[in-house]
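Quick look at start_15.csv (CSV, C-alpha atoms):
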chain,number,residue,atom,x,y,z
A,1,MET,CA,106.2,-47.7,126.3
A,2,VAL,CA,104.5,-50.4,128.4
A,3,MET,CA,107.5,-50.6,130.7
A,4,SER,CA,107.4,-46.8,131.2
A,5,TRP,CA,103.8,-47.2,132.5
A,6,ILE,CA,104.7,-50.1,134.7
A,7,TRP,CA,107.6,-48.2,136.2
A,8,ILE,CA,105.6,-45.0,136.8
A,9,LEU,CA,102.8,-47.1,138.3
A,10,ILE,CA,105.1,-49.0,140.7
A,11,ILE,CA,106.8,-45.8,141.9
A,12,LEU,CA,103.6,-43.9,142.2
A,13,ILE,CA,102.0,-46.6,144.3
A,14,SER,CA,105.1,-46.9,146.5
A,15,VAL,CA,105.1,-43.1,147.2
A,16,VAL,CA,101.4,-42.7,147.8
A,17,PHE,CA,101.2,-45.9,149.9
A,18,SER,CA,104.2,-45.1,152.0
A,19,SER,CA,103.1,-41.5,152.7
A,20,ILE,CA,99.8,-42.8,154.1
A,21,THR,CA,101.4,-45.6,156.2
A,22,GLY,CA,104.5,-43.5,157.2
A,23,THR,CA,107.1,-45.8,155.6
A,24,ILE,CA,108.6,-43.2,153.3
A,25,SER,CA,112.0,-43.3,154.9
A,26,ASN,CA,112.1,-47.1,154.2
A,27,VAL,CA,111.1,-46.4,150.6
A,28,ALA,CA,113.9,-43.8,150.2
A,29,ALA,CA,116.4,-46.3,151.6
A,30,ALA,CA,115.1,-49.0,149.3
A,31,THR,CA,116.1,-47.0,146.2
A,32,ALA,CA,119.8,-47.5,147.0
A,33,GLN,CA,119.4,-51.1,148.1
A,34,GLY,CA,117.3,-52.0,145.1
A,35,ALA,CA,119.8,-50.6,142.5
A,36,GLN,CA,122.6,-52.5,144.2
A,37,ALA,CA,120.4,-55.6,144.3
A,38,GLY,CA,120.0,-55.3,140.5
A,39,ILE,CA,123.7,-55.5,140.0
A,40,THR,CA,124.0,-58.3,142.6
A,41,LEU,CA,121.4,-60.3,140.8
A,42,ALA,CA,123.0,-59.8,137.4
A,43,VAL,CA,126.4,-60.8,138.8
A,44,SER,CA,124.9,-63.9,140.5
A,45,MET,CA,123.4,-65.0,137.3
A,46,ALA,CA,126.4,-64.2,135.1
A,47,GLY,CA,128.3,-67.4,135.5
A,48,SER,CA,125.3,-69.7,135.0
A,49,LEU,CA,124.0,-67.7,132.0
A,50,CYS,CA,127.4,-67.9,130.3
A,51,LEU,CA,127.8,-71.6,131.0
A,52,TRP,CA,124.4,-72.5,129.7
A,53,SER,CA,124.6,-70.3,126.7
A,54,GLY,CA,127.8,-72.1,125.9
A,55,VAL,CA,126.3,-75.6,126.5
A,56,GLY,CA,123.2,-74.6,124.5
A,57,HIS,CA,125.3,-73.5,121.5
A,58,LEU,CA,127.3,-76.8,121.9
A,59,MET,CA,124.1,-78.9,121.9
A,60,ASP,CA,122.9,-77.1,118.8
A,61,LYS,CA,126.1,-77.5,116.9
A,62,ALA,CA,126.5,-81.2,118.0
A,63,GLY,CA,123.2,-81.9,116.3
A,64,MET,CA,121.2,-82.5,119.4
A,65,THR,CA,118.5,-80.1,118.3
A,66,GLY,CA,118.3,-82.0,115.0
A,67,SER,CA,117.8,-85.4,116.7
A,68,LEU,CA,115.4,-84.0,119.2
A,69,SER,CA,113.3,-82.5,116.4
A,70,LYS,CA,113.2,-85.9,114.7
A,71,TRP,CA,111.7,-87.4,117.8
A,72,LEU,CA,109.2,-84.7,118.3
A,73,ARG,CA,108.1,-84.5,114.7
A,74,PRO,CA,105.3,-87.1,114.9
A,75,VAL,CA,103.8,-85.2,117.9
A,76,LEU,CA,104.2,-81.8,116.2
A,77,ASN,CA,102.6,-83.1,112.9
A,78,ARG,CA,99.5,-84.0,114.9
A,79,ILE,CA,99.3,-80.6,116.6
A,80,PHE,CA,100.0,-78.8,113.3
A,81,PRO,CA,98.4,-80.6,110.3
A,82,GLY,CA,99.7,-77.9,108.0
A,83,THR,CA,103.2,-79.5,108.3
A,84,LYS,CA,102.1,-82.5,106.3
A,85,THR,CA,102.1,-80.5,103.1
A,86,ASP,CA,104.8,-78.0,104.0
A,87,ALA,CA,108.3,-79.4,104.8
A,88,GLN,CA,109.8,-76.0,105.5
A,89,LEU,CA,107.1,-75.2,108.0
A,90,SER,CA,107.7,-78.6,109.7
A,91,ASN,CA,111.4,-77.8,109.9
A,92,ASP,CA,110.9,-74.3,111.3
A,93,LEU,CA,108.3,-75.5,113.8
A,94,SER,CA,110.4,-78.4,115.3
A,95,ALA,CA,113.5,-76.2,115.3
A,96,ASN,CA,111.6,-73.5,117.3
A,97,ILE,CA,110.3,-76.0,119.9
A,98,CYS,CA,113.6,-77.8,120.2
A,99,ALA,CA,115.6,-74.5,120.7
A,100,ASN,CA,113.1,-73.6,123.4
A,101,ILE,CA,113.6,-77.0,125.1
A,102,LEU,CA,117.3,-76.6,125.1
A,103,GLY,CA,117.0,-73.0,126.5
A,104,LEU,CA,118.1,-71.2,123.4
A,105,GLY,CA,115.4,-68.6,123.6
A,106,ASN,CA,117.2,-66.1,121.3
A,107,ALA,CA,117.7,-68.8,118.6
A,108,ALA,CA,114.1,-69.9,118.9
A,109,THR,CA,112.4,-66.6,118.1
A,110,PRO,CA,113.5,-66.1,114.5
A,111,MET,CA,112.4,-69.7,113.6
A,112,GLY,CA,109.1,-69.2,115.3
A,113,ILE,CA,108.6,-66.0,113.4
A,114,ARG,CA,109.4,-67.8,110.1
A,115,ALA,CA,106.9,-70.5,111.0
A,116,VAL,CA,104.1,-68.0,111.9
A,117,LYS,CA,104.7,-66.2,108.6
A,118,ARG,CA,104.3,-69.5,106.7
A,119,MET,CA,101.0,-70.1,108.5
A,120,VAL,CA,99.4,-66.9,107.2
A,121,ASP,CA,96.3,-67.8,105.3
A,122,PRO,CA,96.5,-65.9,101.9
A,123,ASN,CA,92.7,-65.7,101.8
A,124,ARG,CA,92.5,-64.2,105.2
A,125,PRO,CA,95.7,-62.2,105.9
A,126,GLY,CA,95.9,-60.4,109.3
A,127,ILE,CA,93.8,-63.0,111.0
A,128,ALA,CA,95.3,-65.6,113.4
A,129,THR,CA,94.8,-69.2,112.4
A,130,ASP,CA,94.2,-72.1,114.8
A,131,GLU,CA,97.7,-73.4,114.2
A,132,MET,CA,99.2,-70.0,115.1
A,133,CYS,CA,97.4,-70.0,118.4
A,134,ARG,CA,98.7,-73.4,119.2
A,135,LEU,CA,102.3,-72.3,118.4
A,136,ILE,CA,101.9,-69.3,120.7
A,137,VAL,CA,100.6,-71.5,123.5
A,138,LEU,CA,103.5,-74.0,123.1
A,139,ASN,CA,106.0,-71.1,123.2
A,140,THR,CA,104.4,-69.4,126.2
A,141,ALA,CA,104.2,-72.6,128.2
A,142,SER,CA,108.1,-72.5,128.2
A,143,ILE,CA,108.9,-76.2,127.9
A,144,GLN,CA,112.5,-76.0,129.0
A,145,LEU,CA,115.0,-78.7,130.0
A,146,ILE,CA,117.2,-76.7,132.3
A,147,PRO,CA,115.9,-73.3,133.7
A,148,ALA,CA,119.4,-72.1,134.3
A,149,ASN,CA,118.7,-68.5,135.3
A,150,VAL,CA,116.3,-69.5,138.1
A,151,ALA,CA,118.8,-72.1,139.3
A,152,ALA,CA,121.5,-69.4,139.3
A,153,VAL,CA,119.4,-67.1,141.4
A,154,ARG,CA,118.6,-69.9,143.9
A,155,SER,CA,122.2,-70.8,144.2
A,156,SER,CA,123.3,-67.2,144.8
A,157,LEU,CA,120.8,-67.1,147.7
A,158,GLY,CA,122.6,-69.9,149.4
A,159,CYS,CA,120.6,-72.8,148.1
A,160,SER,CA,122.8,-76.0,148.0
A,161,THR,CA,120.5,-77.9,145.6
A,162,PRO,CA,119.4,-75.3,143.0
A,163,PHE,CA,118.4,-78.0,140.5
A,164,ASP,CA,116.0,-79.9,142.8
A,165,ILE,CA,113.1,-78.0,141.2
A,166,LEU,CA,113.6,-79.6,137.8
A,167,PRO,CA,110.9,-82.4,138.0
A,168,ALA,CA,108.4,-79.8,139.3
A,169,VAL,CA,109.3,-77.4,136.4
A,170,TRP,CA,108.9,-80.2,133.8
A,171,VAL,CA,105.5,-81.4,135.2
A,172,THR,CA,104.3,-77.9,135.4
A,173,SER,CA,105.4,-76.9,131.8
A,174,ILE,CA,103.8,-80.1,130.3
A,175,CYS,CA,100.5,-79.5,132.1
A,176,SER,CA,100.3,-75.9,131.1
A,177,ALA,CA,101.2,-76.7,127.5
A,178,GLY,CA,98.6,-79.6,127.5
A,179,LEU,CA,95.8,-77.5,129.0
A,180,GLY,CA,96.7,-74.5,126.8
A,181,LEU,CA,96.5,-76.7,123.7
A,182,ALA,CA,93.2,-78.2,124.8
A,183,ALA,CA,91.8,-74.8,125.4
A,184,ALA,CA,93.1,-73.6,122.0
A,185,TRP,CA,91.4,-76.6,120.4
A,186,LEU,CA,88.1,-76.0,122.1
A,187,PHE,CA,88.1,-72.2,121.4
A,188,GLY,CA,89.0,-73.0,117.8
A,189,LYS,CA,85.8,-75.1,117.5
A,190,LEU,CA,83.7,-72.5,119.2
A,191,TRP,CA,85.3,-69.6,117.3
A,192,ARG,CA,84.6,-70.8,113.8
A,193,HIS,CA,83.4,-67.6,112.1
A,194,ASP,CA,84.6,-64.0,112.6
B,195,MET,CA,118.6,-88.5,141.4
B,196,THR,CA,118.2,-84.9,140.1
B,197,ASP,CA,121.8,-84.4,141.0
B,198,TYR,CA,122.8,-86.5,138.1
B,199,ILE,CA,120.9,-84.6,135.4
B,200,VAL,CA,123.1,-81.6,135.0
B,201,PRO,CA,126.6,-83.1,135.2
B,202,LEU,CA,125.5,-86.0,132.9
B,203,LEU,CA,124.0,-83.5,130.4
B,204,LEU,CA,127.3,-81.6,130.3
B,205,LEU,CA,129.3,-84.9,129.7
B,206,LEU,CA,126.8,-86.2,127.1
B,207,SER,CA,126.7,-83.0,125.0
B,208,ALA,CA,130.5,-82.7,124.9
B,209,ALA,CA,130.8,-86.4,124.0
B,210,ILE,CA,128.3,-86.1,121.2
B,211,ALA,CA,130.0,-83.0,119.8
B,212,LEU,CA,133.4,-84.9,119.9
B,213,ARG,CA,131.8,-87.8,117.9
B,214,LYS,CA,130.6,-85.3,115.3
B,215,LYS,CA,134.2,-84.1,115.0
B,216,GLU,CA,133.3,-80.8,116.5
B,217,SER,CA,135.4,-79.0,119.1
B,218,PRO,CA,133.2,-78.8,122.2
B,219,TYR,CA,135.4,-76.4,124.1
B,220,ASP,CA,135.5,-73.8,121.3
B,221,LEU,CA,131.8,-74.1,120.7
B,222,MET,CA,131.1,-73.5,124.3
B,223,LEU,CA,133.4,-70.5,124.3
B,224,THR,CA,131.4,-68.9,121.5
B,225,GLY,CA,128.1,-69.6,123.2
B,226,ALA,CA,129.4,-68.3,126.5
B,227,ALA,CA,130.5,-65.1,124.9
B,228,ASP,CA,127.0,-64.6,123.5
B,229,GLY,CA,125.6,-65.3,127.0
B,230,LEU,CA,127.8,-62.5,128.4
B,231,LYS,CA,126.5,-60.1,125.8
B,232,LEU,CA,122.9,-61.1,126.6
B,233,LEU,CA,123.6,-60.5,130.3
B,234,VAL,CA,125.1,-57.0,129.7
B,235,SER,CA,122.0,-56.1,127.7
B,236,ILE,CA,119.6,-56.9,130.6
B,237,VAL,CA,121.6,-55.4,133.5
B,238,PRO,CA,120.2,-51.9,133.2
B,239,ALA,CA,116.6,-53.3,133.2
B,240,LEU,CA,117.4,-55.4,136.3
B,241,VAL,CA,118.8,-52.3,138.2
B,242,LEU,CA,115.8,-50.2,137.4
B,243,LEU,CA,113.2,-52.9,138.1
B,244,LEU,CA,114.7,-54.1,141.3
B,245,THR,CA,114.8,-50.5,142.6
B,246,ALA,CA,111.1,-50.2,141.8
B,247,VAL,CA,110.2,-53.6,143.3
B,248,MET,CA,112.1,-52.9,146.5
B,249,MET,CA,110.5,-49.5,146.9
B,250,LEU,CA,107.2,-51.2,146.5
B,251,ARG,CA,108.1,-53.8,149.1
B,252,ALA,CA,109.4,-51.2,151.5
B,253,SER,CA,106.2,-49.2,151.2
B,254,GLY,CA,104.2,-52.2,152.4
B,255,ALA,CA,102.1,-52.2,149.2
B,256,ILE,CA,103.2,-55.7,148.1
B,257,ASP,CA,101.9,-57.2,151.4
B,258,MET,CA,98.7,-55.3,150.9
B,259,LEU,CA,98.4,-56.6,147.3
B,260,SER,CA,98.9,-60.1,148.6
B,261,GLN,CA,96.2,-59.8,151.2
B,262,PHE,CA,93.9,-58.3,148.7
B,263,CYS,CA,94.5,-61.2,146.2
B,264,ALA,CA,94.5,-63.9,148.9
B,265,PRO,CA,90.8,-65.0,148.5
B,266,VAL,CA,91.1,-65.6,144.7
B,267,PHE,CA,94.6,-67.1,145.1
B,268,SER,CA,93.7,-69.5,147.8
B,269,PHE,CA,90.8,-70.7,145.6
B,270,PHE,CA,93.4,-71.8,143.0
B,271,GLY,CA,95.8,-73.1,145.7
B,272,ILE,CA,98.4,-70.5,144.8
B,273,PRO,CA,100.3,-68.8,147.7
B,274,ALA,CA,99.1,-65.2,147.9
B,275,GLU,CA,102.7,-64.0,148.5
B,276,THR,CA,103.4,-64.7,144.9
B,277,ALA,CA,100.6,-62.2,143.7
B,278,MET,CA,103.0,-59.6,142.4
B,279,LEU,CA,104.9,-62.2,140.3
B,280,VAL,CA,101.7,-63.8,138.9
B,281,LEU,CA,100.5,-60.3,137.8
B,282,ILE,CA,103.7,-59.2,136.2
B,283,ARG,CA,104.9,-62.5,134.7
B,284,PRO,CA,102.9,-62.4,131.4
B,285,ILE,CA,103.9,-58.7,130.8
B,286,SER,CA,107.6,-58.4,131.4
B,287,GLY,CA,110.3,-61.0,131.6
B,288,SER,CA,112.9,-58.8,133.4
B,289,ALA,CA,110.4,-57.4,135.8
B,290,ALA,CA,109.3,-61.0,136.6
B,291,LEU,CA,112.9,-62.0,137.3
B,292,ALA,CA,113.3,-58.9,139.5
B,293,VAL,CA,110.1,-59.7,141.5
B,294,GLY,CA,111.0,-63.4,141.7
B,295,ALA,CA,114.5,-62.8,142.9
B,296,GLU,CA,113.2,-60.4,145.5
B,297,LEU,CA,110.6,-62.9,146.7
B,298,MET,CA,113.2,-65.8,146.9
B,299,ALA,CA,115.5,-63.5,148.9
B,300,GLU,CA,112.6,-62.4,151.2
B,301,TYR,CA,111.3,-66.0,152.0
B,302,GLY,CA,114.4,-68.0,151.3
B,303,PRO,CA,115.2,-70.2,148.3
B,304,ASP,CA,114.3,-73.4,150.0
B,305,SER,CA,111.0,-72.3,151.5
B,306,LEU,CA,107.8,-73.5,149.9
B,307,ILE,CA,107.2,-69.9,148.6
B,308,GLY,CA,110.7,-69.6,147.3
B,309,ARG,CA,110.5,-72.9,145.5
B,310,THR,CA,107.0,-72.1,144.1
B,311,VAL,CA,108.4,-68.8,142.8
B,312,ALA,CA,111.4,-70.6,141.2
B,313,VAL,CA,109.1,-73.2,139.5
B,314,MET,CA,106.8,-70.4,138.3
B,315,LEU,CA,109.7,-68.5,136.8
B,316,GLY,CA,111.1,-71.7,135.1
B,317,SER,CA,107.8,-72.9,133.6
B,318,THR,CA,106.1,-69.8,132.3
B,319,GLU,CA,106.9,-67.2,129.6
B,320,THR,CA,106.4,-63.5,128.9
B,321,THR,CA,103.1,-64.2,127.2
B,322,PHE,CA,102.1,-60.8,125.9
B,323,TYR,CA,105.7,-60.1,124.6
B,324,THR,CA,105.7,-63.4,122.7
B,325,ILE,CA,102.3,-62.7,121.2
B,326,SER,CA,103.3,-59.2,120.1
B,327,VAL,CA,106.7,-60.4,118.6
B,328,TYR,CA,105.2,-63.3,116.6
B,329,PHE,CA,102.0,-61.7,115.5
B,330,GLY,CA,103.7,-58.3,114.8
B,331,ALA,CA,106.2,-60.0,112.5
B,332,ALA,CA,103.5,-61.8,110.6
B,333,GLY,CA,101.2,-58.8,110.4
B,334,ILE,CA,98.4,-60.4,112.4
B,335,LYS,CA,95.8,-57.9,113.6
B,336,LYS,CA,93.0,-60.2,114.7
B,337,THR,CA,94.4,-62.5,117.4
B,338,ARG,CA,91.0,-64.2,118.0
B,339,TYR,CA,91.3,-66.5,121.1
B,340,THR,CA,95.1,-66.6,121.3
B,341,VAL,CA,95.4,-64.3,124.4
B,342,ALA,CA,92.7,-66.3,126.2
B,343,ALA,CA,94.3,-69.7,125.5
B,344,ALA,CA,97.8,-68.4,126.4
B,345,LEU,CA,96.7,-66.8,129.7
B,346,LEU,CA,94.8,-70.0,130.6
B,347,ALA,CA,98.0,-71.9,130.0
B,348,ASP,CA,99.8,-69.4,132.3
B,349,LEU,CA,97.2,-69.9,135.0
B,350,THR,CA,97.6,-73.6,134.7
B,351,GLY,CA,101.4,-73.1,135.1
B,352,PHE,CA,100.9,-71.0,138.3
B,353,VAL,CA,98.4,-73.5,139.8
B,354,MET,CA,100.6,-76.5,138.9
B,355,ALA,CA,103.8,-74.8,140.2
B,356,SER,CA,102.1,-74.4,143.6
B,357,LEU,CA,100.7,-77.9,143.5
B,358,THR,CA,103.9,-79.7,142.4
B,359,VAL,CA,106.1,-77.9,145.0
B,360,ARG,CA,103.6,-78.8,147.7
B,361,LEU,CA,103.6,-82.4,146.5
B,362,PHE,CA,107.4,-82.8,146.0
B,363,PHE,CA,108.6,-80.6,148.9
B,364,GLY,CA,105.7,-80.2,151.3
B,365,SER,CA,106.1,-81.8,154.7

Output the file's structure as structure tokens, nothing else.
Amino acid sequence: MVMSWIWILIILISVVFSSITGTISNVAAATAQGAQAGITLAVSMAGSLCLWSGVGHLMDKAGMTGSLSKWLRPVLNRIFPGTKTDAQLSNDLSANICANILGLGNAATPMGIRAVKRMVDPNRPGIATDEMCRLIVLNTASIQLIPANVAAVRSSLGCSTPFDILPAVWVTSICSAGLGLAAAWLFGKLWRHD
Amino acid sequence: MTDYIVPLLLLLSAAIALRKKESPYDLMLTGAADGLKLLVSIVPALVLLLTAVMMLRASGAIDMLSQFCAPVFSFFGIPAETAMLVLIRPISGSAALAVGAELMAEYGPDSLIGRTVAVMLGSTETTFYTISVYFGAAGIKKTRYTVAAALLADLTGFVMASLTVRLFFGS
């Protein structure tokens, strides 16, 4: 339903704005161009998306998610103290973060959901715990090794070095995850009772 | 240096799979088929959303929005041209991809704005969607400070994307 509102809003603004500024003929022409641009974008991403889904699946089955999660476990145990007493939670959490890093968004979600379900406080069901907020922040900061879709779009637009943004993407993701965690920690201290 | 990352990752992952007595080629075929299914599932959304975004661009409203947001954005060091992307990114992933692709085409993938857009897309997520999926599944009604913390992380992402691109690629 959200998307319906976004769609209506965008079209409404386009029509109202263009009838004031007299650009309605451009807007009419843009409908045909935009629809075709959608297909062009999909086709330009297709190869890359297939390749990296394949590589992601390979890395998962080759045990790379497993070894990565072993490395990350000490860090994650600090961020999520609940993992010390709950081995299953520890597994789900590290698998979720690792799948995200390797770009397996679809595989990451079920494990993240399992982790959040295990974090539910039986005394206070329906209320988000501090650890849940931290997990959400880590997931929305999108720490990802190879942002393949973006690279594919760049390459389709004639960019000869589509992966040159990687260091900038990594630094940015780590900063947003770090600041998000710090904010969650601070808000958690302030928001003790509710 | 960055040119080595992707080819070496391909080599390394296949070699590790071979050592584990798995068949890398067949594994990749399975994964690639899933990727194709995923693509087919998002094509209709991309067509609808790019139509909407290009209508909005043609009407001149996107430029107007950028001008309107410019004072706030320049305070954070974010290029005002990315205003539409920044606003839509936490709400819808496919809409953000449509807006981002249109921006990269408009300004060029190697321009500062094009690169900033790419880094923003690569280092942020669809925050509200993630929150609703995870908390919906666990039956969480009171989200406390989650939205505030996640949006703060998003803002950090947008600021850092602009900053790193200027540092790494600015002349």

With all atoms listed in the file as the atoms that count, which of A:Ile174, A:Val137, A:Ala182, A:Val43 lies nearest to Ile236 of chain B?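 Under the stated criterion, the closest residue is A:Val43.
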
Set the distance at 10 Å and use all atoms listed in the file: which residues neighbour Gly351 of chain B once local chain neighbours fewer than 4 positions away are removed? I'd like the list as a PyMOL selection string. (chain A and resi 141-142+169+171-177+179-180) or (chain B and resi 313-319+345-347+355-357)

Give one line per residue of chain B that approaches chain A to at most 6 Å, naming the two atoms of the closest pair and their distance in Å to one decimal, counting all atoms listed in the file; sort by chain then ascending residue number and deliver it as a Markdown table.
| residue | atom | partner | partner_atom | distance |
| --- | --- | --- | --- | --- |
| B:Ser207 | CA | A:Met59 | CA | 5.8 |
| B:Ala211 | CA | A:Ala62 | CA | 4.3 |
| B:Leu221 | CA | A:Leu58 | CA | 5.4 |
| B:Met222 | CA | A:Gly54 | CA | 3.9 |
| B:Gly225 | CA | A:Gly54 | CA | 3.7 |
| B:Ala226 | CA | A:Gly54 | CA | 4.2 |
| B:Gly229 | CA | A:Cys50 | CA | 4.6 |
| B:Leu230 | CA | A:Cys50 | CA | 5.7 |
| B:Leu240 | CA | A:Gly38 | CA | 4.9 |
| B:Val241 | CA | A:Gly38 | CA | 4.0 |
| B:Leu244 | CA | A:Gly34 | CA | 5.1 |
| B:Thr245 | CA | A:Gly34 | CA | 3.8 |
| B:Met248 | CA | A:Gly34 | CA | 5.5 |
| B:Met249 | CA | A:Val27 | CA | 4.9 |
| B:Leu250 | CA | A:Ser14 | CA | 4.8 |
| B:Ala252 | CA | A:Val27 | CA | 5.2 |
| B:Ser253 | CA | A:Ser18 | CA | 4.6 |
| B:Pro303 | CA | A:Arg154 | CA | 5.6 |
| B:Ala312 | CA | A:Val150 | CA | 5.9 |
| B:Val313 | CA | A:Val169 | CA | 5.2 |
| B:Gly316 | CA | A:Pro147 | CA | 5.2 |
| B:Ser317 | CA | A:Ser173 | CA | 5.0 |
| B:Thr318 | CA | A:Ser142 | CA | 5.3 |
| B:Glu319 | CA | A:Thr140 | CA | 4.8 |
| B:Thr321 | CA | A:Thr140 | CA | 5.5 |
| B:Tyr328 | CA | A:Ile113 | CA | 5.4 |
| B:Ala332 | CA | A:Lys117 | CA | 5.0 |
| B:Gly333 | CA | A:Gly126 | CA | 5.6 |
| B:Ile334 | CA | A:Gly126 | CA | 4.0 |
| B:Lys335 | CA | A:Gly126 | CA | 5.0 |
| B:Lys336 | CA | A:Ile127 | CA | 4.7 |
| B:Thr337 | CA | A:Ala128 | CA | 5.1 |
| B:Thr340 | CA | A:Cys133 | CA | 5.0 |
| B:Ala343 | CA | A:Ala184 | CA | 5.4 |
| B:Ala344 | CA | A:Val137 | CA | 5.1 |
| B:Ala347 | CA | A:Gly180 | CA | 4.3 |
| B:Thr350 | CA | A:Ser176 | CA | 5.1 |
| B:Gly351 | CA | A:Ser176 | CA | 5.0 |
| B:Met354 | CA | A:Thr172 | CA | 5.3 |
| B:Ala355 | CA | A:Thr172 | CA | 5.7 |
| B:Thr358 | CA | A:Ala168 | CA | 5.5 |

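For the choices B:Ile307, B:Ala292, B:Val341, B:Met278, the atom-to-atom distance to Leu259 of chain B is smallest for B:Met278 when using only C-alpha atoms.
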
Measuring between all atoms listed in the file, which one of B:Ser326, B:Thr310, B:Gln261, B:Thr320 shows the shortest distance to Arg360 of chain B?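 Closest residue, counting all atoms listed in the file: B:Thr310.
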
What residues have an atom no more than 10 Å from (101.7, -69.6, 151.6) in the file's own frame, counting all atoms listed in the file, and can you write them as an NGL selection string? :B and (264 or 267-268 or 271-276 or 305-308 or 310 or 356)

Between atom CA of Arg338 of chain B and atom CA of Asp121 of chain A, what distance in Å does the model show, to one decimal? 14.2 Å

Mind giving me the straight-line distance from atom CA of Ala108 of chain A to atom CA of Ala95 of chain A in Å, one decimal? 7.3 Å

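With only C-alpha atoms as the atoms that count, the minimum distance from Ser69 of chain A to the choices A:Leu93, A:Lys189, A:Met1, A:Ala152 is reached by A:Leu93.
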
If we count only C-alpha atoms, what is near Leu68 of chain A at a cut-off of 12 Å, once residues fewer than 2 positions away on the same chain are taken out, given as a ChimeraX atom specification? /A:59-60,62-66,70-76,91,94-102

Keeping C-alpha atoms, export the residues of the selection given above as an mmCIF file, in the coordinates of the input.
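Just written: result18.cif:
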data_model
loop_
_atom_site.group_PDB
_atom_site.id
_atom_site.type_symbol
_atom_site.label_atom_id
_atom_site.label_comp_id
_atom_site.auth_asym_id
_atom_site.auth_seq_id
_atom_site.Cartn_x
_atom_site.Cartn_y
_atom_site.Cartn_z
ATOM 1 C CA MET A 59 124.100 -78.900 121.900
ATOM 2 C CA ASP A 60 122.900 -77.100 118.800
ATOM 3 C CA ALA A 62 126.500 -81.200 118.000
ATOM 4 C CA GLY A 63 123.200 -81.900 116.300
ATOM 5 C CA MET A 64 121.200 -82.500 119.400
ATOM 6 C CA THR A 65 118.500 -80.100 118.300
ATOM 7 C CA GLY A 66 118.300 -82.000 115.000
ATOM 8 C CA LYS A 70 113.200 -85.900 114.700
ATOM 9 C CA TRP A 71 111.700 -87.400 117.800
ATOM 10 C CA LEU A 72 109.200 -84.700 118.300
ATOM 11 C CA ARG A 73 108.100 -84.500 114.700
ATOM 12 C CA PRO A 74 105.300 -87.100 114.900
ATOM 13 C CA VAL A 75 103.800 -85.200 117.900
ATOM 14 C CA LEU A 76 104.200 -81.800 116.200
ATOM 15 C CA ASN A 91 111.400 -77.800 109.900
ATOM 16 C CA SER A 94 110.400 -78.400 115.300
ATOM 17 C CA ALA A 95 113.500 -76.200 115.300
ATOM 18 C CA ASN A 96 111.600 -73.500 117.300
ATOM 19 C CA ILE A 97 110.300 -76.000 119.900
ATOM 20 C CA CYS A 98 113.600 -77.800 120.200
ATOM 21 C CA ALA A 99 115.600 -74.500 120.700
ATOM 22 C CA ASN A 100 113.100 -73.600 123.400
ATOM 23 C CA ILE A 101 113.600 -77.000 125.100
ATOM 24 C CA LEU A 102 117.300 -76.600 125.100
#

Quick check, in Å to one decimal: how far apart do atom CA of Gly287 of chain B and atom CA of Thr324 of chain B lie?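 Result for atom CA of Gly287 of chain B versus atom CA of Thr324 of chain B: 10.3 Å, one decimal.
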
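Between Val247 of chain B and the candidates B:Leu233, B:Ala209, B:Val293, B:Leu279, the tightest atom-to-atom separation, counting all atoms listed in the file, involves B:Val293.
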